[in-house]
Amino acid sequence: METTTDTKNSFINTFREFEAGLNGSAQGSLHEKRKEAISLFEKTGFPPTRDEEYRYTNIAKALQKSLGSNTGQLESDMDAQAIEGFLFKGLEANQLVFINGRFKPGLSQIISDPKNILIQELSEAYKEQPEKVGAAISKHAKPESDAFVALNTAFAHNGVYIEVPDNTVAEHPVVLNFISDGTKGTTTSMPRNLFLVGRSASVSIVEAFSSIGENTTFTNIVTEIDVQQNAQVQFVKLQTEEDKAIQVNNTHIYQQADSRVTTTTISLGGNLIRNNLNYAVDAKNCESNMYGLYYLHGNQHVDNHTVVDHRQPHCESNELYKGIMDDSSTGVFNGKIYVRQAAQKTNAFQSNKNLLLSDNATINTKPQLEIWADDVKCSHGATTGQIDQEQIFYLRSRGLSRESAQALLLFAFAGEIIEHISLEPLRAYFTDILEMKLKAKYQG
């Protein structure tokens with residue numbers, strides 16, 4: 001008997017309640033996609049560990065243990081004072097706040113001119129542009145690609161719609177603050193984000209995840225980013241949730257000719273996190289950059305799965321993920337690069353580097369290349385080790401204590417990822433968080 005039947009059936013029942021509450025919105029192309037997605041989820045259920053893609057991450061078991069049949073979405077009493085500590089300070093940006101998956105306009109601030117960048121709640125955007133928005137949802141993040149994409153699509157309603165017009169540089173970045181409040185009980189949220197970036201446009205977007213409370217919070221988010229010709233996107237994801245948080249994060253990026261996309265994923269908290277990052281490079285002269293940092297302690301588990309699908313020639317992808325595992329934490333990295341037969345003159349580089357600070361820490365790493373073209377430059381590799389004792393000796397000979405020397409080496413190791421964030425206030429914010437974690441470890 002399937003051990004996750006209770007949770008699976010509970011999500012299906014929750015969908016029926018969600019559908020009944022849509023009233024007149026239960027019409028049109030979007031709801032047809034919802035019904036198809038829940039039907040697919042009902043047939044497939046959660047991915048088992050015998051599925052190679054989820055071999056090291058048993059999310060189904062974690063959900064059954066933590067949620068059981070409590071898959072509803074709770075309301076929260078958090079106000080402006082309660083969320084203040086979660087917002088980025090010193091950054092002139094559009095700040096949108098979602099609590100337990102619901103948009104809070106009274107706690108949010110949009111400072112950009114809609115002519116420069118259109119920022120709307122997804123449900124409102126669908127009401128105003130049903131054909132355009134309905135056609136774009138699931139265009140790249142297809143429900144059949146992943147059970148959690150199917151589950152999210154079934155509940156597609158809350159989230160953000162961002163549209164940057166052609167030939168426009170978005171003056172201010174967009175920060176999406178997703179806060180999970182587990183103070184009253186377990187809660188589930190299913191944000192769905194859709195970003196359309198026009199020809200020769202440019203934008204910076206941040207997704208930040210945090211949580212409070214003693215109960216389990218489950219976030220299952222899907223973000224689709226459609227990047228048109230000659231556009232530029234900087235996309236940053238920060239995960240600093242509490243130890244009761246479970247998150248599945250699917251990001252699908254589609255690139256047209258001459259576009260440049262840089263993603264930075266920083267995971268510094270949460271009980272169990274699964275990040276699926278997928279690039280479809282579908283035209284010439286694209287550049288795709290992926291940087292990741294995971295710094296784990298306790299029993300935390302973070303699984304990064306990346307896919308770069310090179311479909312056309314003369315493109316370049318660069319990928320560097322770094323992990324620091326302490327205590328009994330577990331890291332997983334599975335990176336795949338596909339180079340199709342038509343994708344001649346592709347340059348693709350992938351690297352995963354890990355430091356284990358404890359004998360009980362674990363890393364499972366699997367970089368992969370699948371190449372059907374014959375005129376390419378591709379490389380991949382992975383390293384796992386401990387802090388270099390010769391470097392420790394050298395720093396101690398210069399007057400540093402062992403603890404200070406270890407902290408300095410870890411800061412340099414992780415800092416290489418943070419340096420790729422071009423927004424200075426964000427870079428400073430991440431640097432401060434890293435410094436606080438190192439101080440807590442080595443100075444008590």
# chains A, B, ... in the order shown; residues from 1 in each chain; ligands from 1
>>> residues_around(residues="Glu171 in chain A", least_positions_apart="6", cutoff="9 Å", atoms="only C-alpha atoms", output="JSON, numbers by chain")
{"A": [93, 112, 116, 117, 202, 203]}
>>> write_last_selection(atoms="C-alpha atoms", output="PDB file, in the first residue's frame")
ATOM      1  CA  ALA A  93      12.883  48.038  -5.201  1.00  0.00           C
ATOM      2  CA  SER A 112       7.781  51.351 -10.773  1.00  0.00           C
ATOM      3  CA  ASN A 116       8.237  50.508 -17.425  1.00  0.00           C
ATOM      4  CA  ILE A 117       7.312  47.159 -15.887  1.00  0.00           C
ATOM      5  CA  SER A 202      16.347  44.040 -18.907  1.00  0.00           C
ATOM      6  CA  VAL A 203      15.156  43.190 -15.381  1.00  0.00           C
TER       7      VAL A 203
END
>>> select_by_dssp(residues="range 24-252 of chain A", states="helix (DSSP H, G or I)", output="MDAnalysis selection string")
chainID A and resid 24:25 28:44 52:54 59:66 80:86 105:107 122:128 130:136 143:145 147:154
>>> residues_around(residues="Thr431 in chain A", least_positions_apart="3", cutoff="8 Å", atoms="only C-alpha atoms", output="PyMOL selection string")
chain A and resi 415+418+427-428+434-435
>>> closest_residue(among="A:Leu438, A:Val206, A:Ala154, A:Val281", to="Ile266 in chain A", atoms="only C-alpha atoms")
A:Val206
>>> residues_around(residues="Thr5 in chain A", least_positions_apart="4", cutoff="10 Å", atoms="only C-alpha atoms", output="mmCIF file with C-alpha atoms, in the first residue's frame")
data_model
loop_
_atom_site.group_PDB
_atom_site.id
_atom_site.type_symbol
_atom_site.label_atom_id
_atom_site.label_comp_id
_atom_site.auth_asym_id
_atom_site.auth_seq_id
_atom_site.Cartn_x
_atom_site.Cartn_y
_atom_site.Cartn_z
ATOM 1 C CA MET A 1 0.000 0.000 0.000
ATOM 2 C CA ASN A 9 -5.820 12.200 -1.465
ATOM 3 C CA SER A 10 -5.880 15.218 0.803
ATOM 4 C CA PHE A 11 -4.400 17.387 -1.945
ATOM 5 C CA GLY A 45 1.100 10.641 -7.261
ATOM 6 C CA PHE A 46 4.356 11.732 -5.677
ATOM 7 C CA ALA A 60 6.700 12.124 -0.352
ATOM 8 C CA GLN A 64 3.274 12.267 4.784
ATOM 9 C CA GLY A 68 -0.539 13.864 6.690
ATOM 10 C CA SER A 69 -3.995 14.928 5.575
#
>>> atom_distance(atom1="CA of Phe178 in chain A", atom2="CA of Lys353 in chain A")
28.8 Å
>>> select_by_dssp(residues="range 64-205 of chain A", states="strand (DSSP E or B)", output="number ranges by chain")
A: 94-99, 102-103, 109, 118-121, 156, 158, 160-164, 169, 174-181, 187-189, 192-197, 202-205
>>> write_last_selection(atoms="C-alpha atoms", output="PDB file, in the first residue's frame")
ATOM      1  CA  ASN A  94       9.366  46.857  -5.792  1.00  0.00           C
ATOM      2  CA  GLN A  95       8.658  44.767  -2.679  1.00  0.00           C
ATOM      3  CA  LEU A  96       5.801  42.287  -2.884  1.00  0.00           C
ATOM      4  CA  VAL A  97       4.777  40.264   0.159  1.00  0.00           C
ATOM      5  CA  PHE A  98       3.057  36.882   0.116  1.00  0.00           C
ATOM      6  CA  ILE A  99       2.110  35.204   3.398  1.00  0.00           C
ATOM      7  CA  ARG A 102      -1.516  34.871  -0.504  1.00  0.00           C
ATOM      8  CA  PHE A 103      -0.595  38.298  -1.848  1.00  0.00           C
ATOM      9  CA  GLN A 109       5.049  48.445  -2.312  1.00  0.00           C
ATOM     10  CA  LEU A 118       3.888  45.631 -15.300  1.00  0.00           C
ATOM     11  CA  ILE A 119       3.598  43.872 -11.933  1.00  0.00           C
ATOM     12  CA  GLN A 120       0.315  42.202 -11.045  1.00  0.00           C
ATOM     13  CA  GLU A 121      -1.095  39.400  -8.985  1.00  0.00           C
ATOM     14  CA  ALA A 156      -2.460  28.020 -10.143  1.00  0.00           C
ATOM     15  CA  ASN A 158      -1.879  33.072  -6.414  1.00  0.00           C
ATOM     16  CA  VAL A 160       3.019  37.190  -9.614  1.00  0.00           C
ATOM     17  CA  TYR A 161       2.757  38.224 -13.244  1.00  0.00           C
ATOM     18  CA  ILE A 162       5.591  40.419 -14.493  1.00  0.00           C
ATOM     19  CA  GLU A 163       5.821  41.809 -18.014  1.00  0.00           C
ATOM     20  CA  VAL A 164       8.709  43.951 -19.218  1.00  0.00           C
ATOM     21  CA  VAL A 169      15.193  48.566 -18.851  1.00  0.00           C
ATOM     22  CA  VAL A 174      11.403  43.267  -8.093  1.00  0.00           C
ATOM     23  CA  VAL A 175      11.641  41.447  -4.767  1.00  0.00           C
ATOM     24  CA  LEU A 176       9.076  38.744  -4.052  1.00  0.00           C
ATOM     25  CA  ASN A 177       8.964  37.946  -0.336  1.00  0.00           C
ATOM     26  CA  PHE A 178       7.328  34.575   0.338  1.00  0.00           C
ATOM     27  CA  ILE A 179       6.765  34.184   4.081  1.00  0.00           C
ATOM     28  CA  SER A 180       5.318  30.977   5.540  1.00  0.00           C
ATOM     29  CA  ASP A 181       3.589  31.302   8.914  1.00  0.00           C
ATOM     30  CA  THR A 187       0.105  25.135   6.091  1.00  0.00           C
ATOM     31  CA  THR A 188       0.627  24.731   2.362  1.00  0.00           C
ATOM     32  CA  SER A 189       1.148  27.341  -0.361  1.00  0.00           C
ATOM     33  CA  ARG A 192       2.750  30.397  -9.474  1.00  0.00           C
ATOM     34  CA  ASN A 193       4.906  33.083 -11.101  1.00  0.00           C
ATOM     35  CA  LEU A 194       5.029  34.104 -14.745  1.00  0.00           C
ATOM     36  CA  PHE A 195       7.665  36.538 -16.053  1.00  0.00           C
ATOM     37  CA  LEU A 196       7.595  37.731 -19.670  1.00  0.00           C
ATOM     38  CA  VAL A 197      10.697  39.703 -20.661  1.00  0.00           C
ATOM     39  CA  SER A 202      16.347  44.040 -18.907  1.00  0.00           C
ATOM     40  CA  VAL A 203      15.156  43.190 -15.381  1.00  0.00           C
ATOM     41  CA  SER A 204      16.380  41.955 -11.987  1.00  0.00           C
ATOM     42  CA  ILE A 205      14.089  39.736  -9.904  1.00  0.00           C
TER      43      ILE A 205
END
>>> residues_around(residues="Lys33 in chain A", least_positions_apart="4", cutoff="12 Å", atoms="only C-alpha atoms", output="PDB file with N, CA and C atoms, in the first residue's frame")
ATOM      1  N   ALA A  26     -13.871  29.538 -12.564  1.00  0.00           N
ATOM      2  CA  ALA A  26     -13.666  28.141 -12.956  1.00  0.00           C
ATOM      3  C   ALA A  26     -14.063  27.933 -14.413  1.00  0.00           C
ATOM      4  N   GLN A  27     -13.614  28.813 -15.252  1.00  0.00           N
ATOM      5  CA  GLN A  27     -13.891  28.753 -16.684  1.00  0.00           C
ATOM      6  C   GLN A  27     -12.610  29.106 -17.430  1.00  0.00           C
ATOM      7  N   GLY A  28     -12.594  28.838 -18.721  1.00  0.00           N
ATOM      8  CA  GLY A  28     -11.493  29.283 -19.554  1.00  0.00           C
ATOM      9  C   GLY A  28     -10.332  28.316 -19.606  1.00  0.00           C
ATOM     10  N   SER A  29      -9.291  28.723 -20.355  1.00  0.00           N
ATOM     11  CA  SER A  29      -8.158  27.851 -20.640  1.00  0.00           C
ATOM     12  C   SER A  29      -7.352  27.506 -19.391  1.00  0.00           C
ATOM     13  N   ALA A  37      -4.101  18.963 -14.920  1.00  0.00           N
ATOM     14  CA  ALA A  37      -2.958  18.772 -14.026  1.00  0.00           C
ATOM     15  C   ALA A  37      -3.329  17.924 -12.812  1.00  0.00           C
ATOM     16  N   ILE A  38      -4.497  18.186 -12.195  1.00  0.00           N
ATOM     17  CA  ILE A  38      -4.877  17.394 -11.025  1.00  0.00           C
ATOM     18  C   ILE A  38      -5.184  15.962 -11.431  1.00  0.00           C
ATOM     19  N   SER A  39      -5.710  15.776 -12.622  1.00  0.00           N
ATOM     20  CA  SER A  39      -5.952  14.421 -13.120  1.00  0.00           C
ATOM     21  C   SER A  39      -4.639  13.670 -13.292  1.00  0.00           C
ATOM     22  N   LEU A  40      -3.632  14.379 -13.802  1.00  0.00           N
ATOM     23  CA  LEU A  40      -2.315  13.773 -13.970  1.00  0.00           C
ATOM     24  C   LEU A  40      -1.705  13.431 -12.613  1.00  0.00           C
ATOM     25  N   GLY A 134      -3.191  32.947 -20.096  1.00  0.00           N
ATOM     26  CA  GLY A 134      -3.561  31.535 -20.115  1.00  0.00           C
ATOM     27  C   GLY A 134      -2.674  30.709 -21.026  1.00  0.00           C
ATOM     28  N   ALA A 135      -2.293  31.293 -22.171  1.00  0.00           N
ATOM     29  CA  ALA A 135      -1.426  30.578 -23.111  1.00  0.00           C
ATOM     30  C   ALA A 135      -0.002  30.451 -22.578  1.00  0.00           C
ATOM     31  N   ALA A 136       0.440  31.426 -21.788  1.00  0.00           N
ATOM     32  CA  ALA A 136       1.825  31.425 -21.299  1.00  0.00           C
ATOM     33  C   ALA A 136       2.033  30.475 -20.126  1.00  0.00           C
ATOM     34  N   ILE A 137       0.999  30.289 -19.310  1.00  0.00           N
ATOM     35  CA  ILE A 137       1.123  29.384 -18.165  1.00  0.00           C
ATOM     36  C   ILE A 137       1.273  27.945 -18.666  1.00  0.00           C
ATOM     37  N   SER A 138       2.273  27.252 -18.175  1.00  0.00           N
ATOM     38  CA  SER A 138       2.597  25.858 -18.543  1.00  0.00           C
ATOM     39  C   SER A 138       3.141  25.723 -19.963  1.00  0.00           C
ATOM     40  N   LYS A 139       3.492  26.846 -20.580  1.00  0.00           N
ATOM     41  CA  LYS A 139       4.117  26.760 -21.903  1.00  0.00           C
ATOM     42  C   LYS A 139       5.491  26.099 -21.797  1.00  0.00           C
ATOM     43  N   ALA A 141       6.887  25.159 -18.260  1.00  0.00           N
ATOM     44  CA  ALA A 141       6.830  24.261 -17.104  1.00  0.00           C
ATOM     45  C   ALA A 141       5.620  23.349 -17.278  1.00  0.00           C
ATOM     46  N   LYS A 142       5.816  22.252 -17.927  1.00  0.00           N
ATOM     47  CA  LYS A 142       4.705  21.364 -18.281  1.00  0.00           C
ATOM     48  C   LYS A 142       4.400  20.396 -17.137  1.00  0.00           C
ATOM     49  N   PRO A 143       3.129  20.203 -16.816  1.00  0.00           N
ATOM     50  CA  PRO A 143       2.753  19.326 -15.695  1.00  0.00           C
ATOM     51  C   PRO A 143       3.305  17.911 -15.806  1.00  0.00           C
ATOM     52  N   GLU A 144       3.426  17.412 -17.013  1.00  0.00           N
ATOM     53  CA  GLU A 144       3.920  16.042 -17.169  1.00  0.00           C
ATOM     54  C   GLU A 144       5.412  15.916 -16.871  1.00  0.00           C
ATOM     55  N   VAL A 149       5.200  20.012 -10.343  1.00  0.00           N
ATOM     56  CA  VAL A 149       4.718  21.003 -11.311  1.00  0.00           C
ATOM     57  C   VAL A 149       3.232  20.764 -11.582  1.00  0.00           C
ATOM     58  N   ALA A 150       2.848  19.496 -11.712  1.00  0.00           N
ATOM     59  CA  ALA A 150       1.435  19.166 -11.935  1.00  0.00           C
ATOM     60  C   ALA A 150       0.582  19.632 -10.755  1.00  0.00           C
ATOM     61  N   LEU A 151       1.064  19.365  -9.531  1.00  0.00           N
ATOM     62  CA  LEU A 151       0.303  19.762  -8.339  1.00  0.00           C
ATOM     63  C   LEU A 151       0.181  21.277  -8.255  1.00  0.00           C
ATOM     64  N   ASN A 152       1.255  21.991  -8.531  1.00  0.00           N
ATOM     65  CA  ASN A 152       1.201  23.451  -8.514  1.00  0.00           C
ATOM     66  C   ASN A 152       0.253  23.988  -9.580  1.00  0.00           C
ATOM     67  N   THR A 153       0.315  23.418 -10.779  1.00  0.00           N
ATOM     68  CA  THR A 153      -0.548  23.877 -11.871  1.00  0.00           C
ATOM     69  C   THR A 153      -2.019  23.716 -11.515  1.00  0.00           C
ATOM     70  N   ALA A 154      -2.346  22.648 -10.793  1.00  0.00           N
ATOM     71  CA  ALA A 154      -3.732  22.428 -10.389  1.00  0.00           C
ATOM     72  C   ALA A 154      -4.256  23.569  -9.520  1.00  0.00           C
ATOM     73  N   PHE A 155      -3.357  24.192  -8.739  1.00  0.00           N
ATOM     74  CA  PHE A 155      -3.764  25.267  -7.834  1.00  0.00           C
ATOM     75  C   PHE A 155      -3.341  26.648  -8.341  1.00  0.00           C
ATOM     76  N   ALA A 156      -2.971  26.756  -9.604  1.00  0.00           N
ATOM     77  CA  ALA A 156      -2.460  28.020 -10.143  1.00  0.00           C
ATOM     78  C   ALA A 156      -3.496  29.135  -9.988  1.00  0.00           C
ATOM     79  N   HIS A 157      -3.204  30.077  -9.131  1.00  0.00           N
ATOM     80  CA  HIS A 157      -4.105  31.201  -8.877  1.00  0.00           C
ATOM     81  C   HIS A 157      -3.337  32.354  -8.233  1.00  0.00           C
TER      82      HIS A 157
END
>>> atom_distance(atom1="CA of Asp51 in chain A", atom2="CA of Arg274 in chain A")
14.6 Å
>>> atom_distance(atom1="CA of Ser379 in chain A", atom2="CA of Phe349 in chain A")
5.0 Å
>>> closest_residue(among="A:Ser123, A:Asn275, A:Gln368, A:Thr362", to="Tyr338 in chain A", atoms="only C-alpha atoms")
A:Gln368
>>> residues_around(residues="Lys237 in chain A", least_positions_apart="6", cutoff="9 Å", atoms="only C-alpha atoms", output="compact mmCIF listing (two decimals) with N, CA and C atoms, in the first residue's frame")
# COMPACT_ATOMS: atom_id res chain seq x y z
N ILE A 205 15.18 40.27 -10.72
CA ILE A 205 14.09 39.74 -9.90
C ILE A 205 14.67 38.87 -8.80
N VAL A 206 14.10 39.03 -7.60
CA VAL A 206 14.54 38.25 -6.44
C VAL A 206 13.34 37.51 -5.87
N GLU A 207 13.51 36.22 -5.60
CA GLU A 207 12.54 35.44 -4.83
C GLU A 207 13.18 35.10 -3.49
N ALA A 208 12.57 35.56 -2.39
CA ALA A 208 13.12 35.33 -1.05
C ALA A 208 12.11 34.52 -0.23
N PHE A 209 12.59 33.47 0.42
CA PHE A 209 11.71 32.55 1.16
C PHE A 209 12.14 32.52 2.62
N THR A 263 21.31 33.18 -13.05
CA THR A 263 20.56 32.79 -11.86
C THR A 263 21.54 32.50 -10.72
N THR A 264 21.17 32.95 -9.53
CA THR A 264 21.96 32.66 -8.33
C THR A 264 21.02 32.12 -7.27
N THR A 265 21.28 30.91 -6.81
CA THR A 265 20.43 30.24 -5.82
C THR A 265 21.24 30.04 -4.54
N ILE A 266 20.75 30.65 -3.45
CA ILE A 266 21.46 30.57 -2.17
C ILE A 266 20.54 29.93 -1.14
N SER A 267 20.93 28.76 -0.65
CA SER A 267 20.12 28.00 0.31
C SER A 267 20.83 27.96 1.65
>>> residues_around(residues="range 396-408 of chain A", least_positions_apart="4", cutoff="9 Å", atoms="only C-alpha atoms", output="list in words")
Ile387, Gln391, Ile392, Ala412, Phe413, Glu435, Leu438, Lys439, Lys441, Tyr442 and Gln443 of chain A
>>> write_last_selection(atoms="N, CA and C atoms", output="PDB file, in the first residue's frame")
ATOM      1  N   ILE A 387      38.407  21.275   4.812  1.00  0.00           N
ATOM      2  CA  ILE A 387      39.211  22.494   4.792  1.00  0.00           C
ATOM      3  C   ILE A 387      40.693  22.118   4.717  1.00  0.00           C
ATOM      4  N   GLN A 391      46.448  25.461   4.386  1.00  0.00           N
ATOM      5  CA  GLN A 391      45.991  26.850   4.399  1.00  0.00           C
ATOM      6  C   GLN A 391      45.720  27.331   5.822  1.00  0.00           C
ATOM      7  N   ILE A 392      45.172  26.433   6.648  1.00  0.00           N
ATOM      8  CA  ILE A 392      44.953  26.765   8.058  1.00  0.00           C
ATOM      9  C   ILE A 392      46.290  27.081   8.736  1.00  0.00           C
ATOM     10  N   ALA A 412      35.746  32.807   2.025  1.00  0.00           N
ATOM     11  CA  ALA A 412      36.297  32.941   0.682  1.00  0.00           C
ATOM     12  C   ALA A 412      35.696  31.902  -0.262  1.00  0.00           C
ATOM     13  N   PHE A 413      35.493  30.691   0.245  1.00  0.00           N
ATOM     14  CA  PHE A 413      34.910  29.615  -0.562  1.00  0.00           C
ATOM     15  C   PHE A 413      33.495  29.981  -1.014  1.00  0.00           C
ATOM     16  N   GLU A 435      28.364  35.963   7.128  1.00  0.00           N
ATOM     17  CA  GLU A 435      29.237  36.322   8.245  1.00  0.00           C
ATOM     18  C   GLU A 435      28.598  35.939   9.580  1.00  0.00           C
ATOM     19  N   LEU A 438      28.892  32.153  10.114  1.00  0.00           N
ATOM     20  CA  LEU A 438      30.260  31.766  10.461  1.00  0.00           C
ATOM     21  C   LEU A 438      30.612  32.202  11.886  1.00  0.00           C
ATOM     22  N   LYS A 439      30.125  33.380  12.267  1.00  0.00           N
ATOM     23  CA  LYS A 439      30.369  33.864  13.630  1.00  0.00           C
ATOM     24  C   LYS A 439      29.700  32.954  14.640  1.00  0.00           C
ATOM     25  N   LYS A 441      29.052  29.840  14.335  1.00  0.00           N
ATOM     26  CA  LYS A 441      29.725  28.540  14.392  1.00  0.00           C
ATOM     27  C   LYS A 441      31.056  28.613  15.127  1.00  0.00           C
ATOM     28  N   TYR A 442      31.842  29.631  14.852  1.00  0.00           N
ATOM     29  CA  TYR A 442      33.215  29.650  15.357  1.00  0.00           C
ATOM     30  C   TYR A 442      33.437  30.521  16.579  1.00  0.00           C
ATOM     31  N   GLN A 443      32.437  31.343  16.925  1.00  0.00           N
ATOM     32  CA  GLN A 443      32.592  32.182  18.114  1.00  0.00           C
ATOM     33  C   GLN A 443      31.523  31.904  19.172  1.00  0.00           C
TER      34      GLN A 443
END
>>> closest_residue(among="A:Pro105, A:Cys286, A:Met436, A:Pro165", to="Asn230 in chain A", atoms="only C-alpha atoms")
A:Cys286
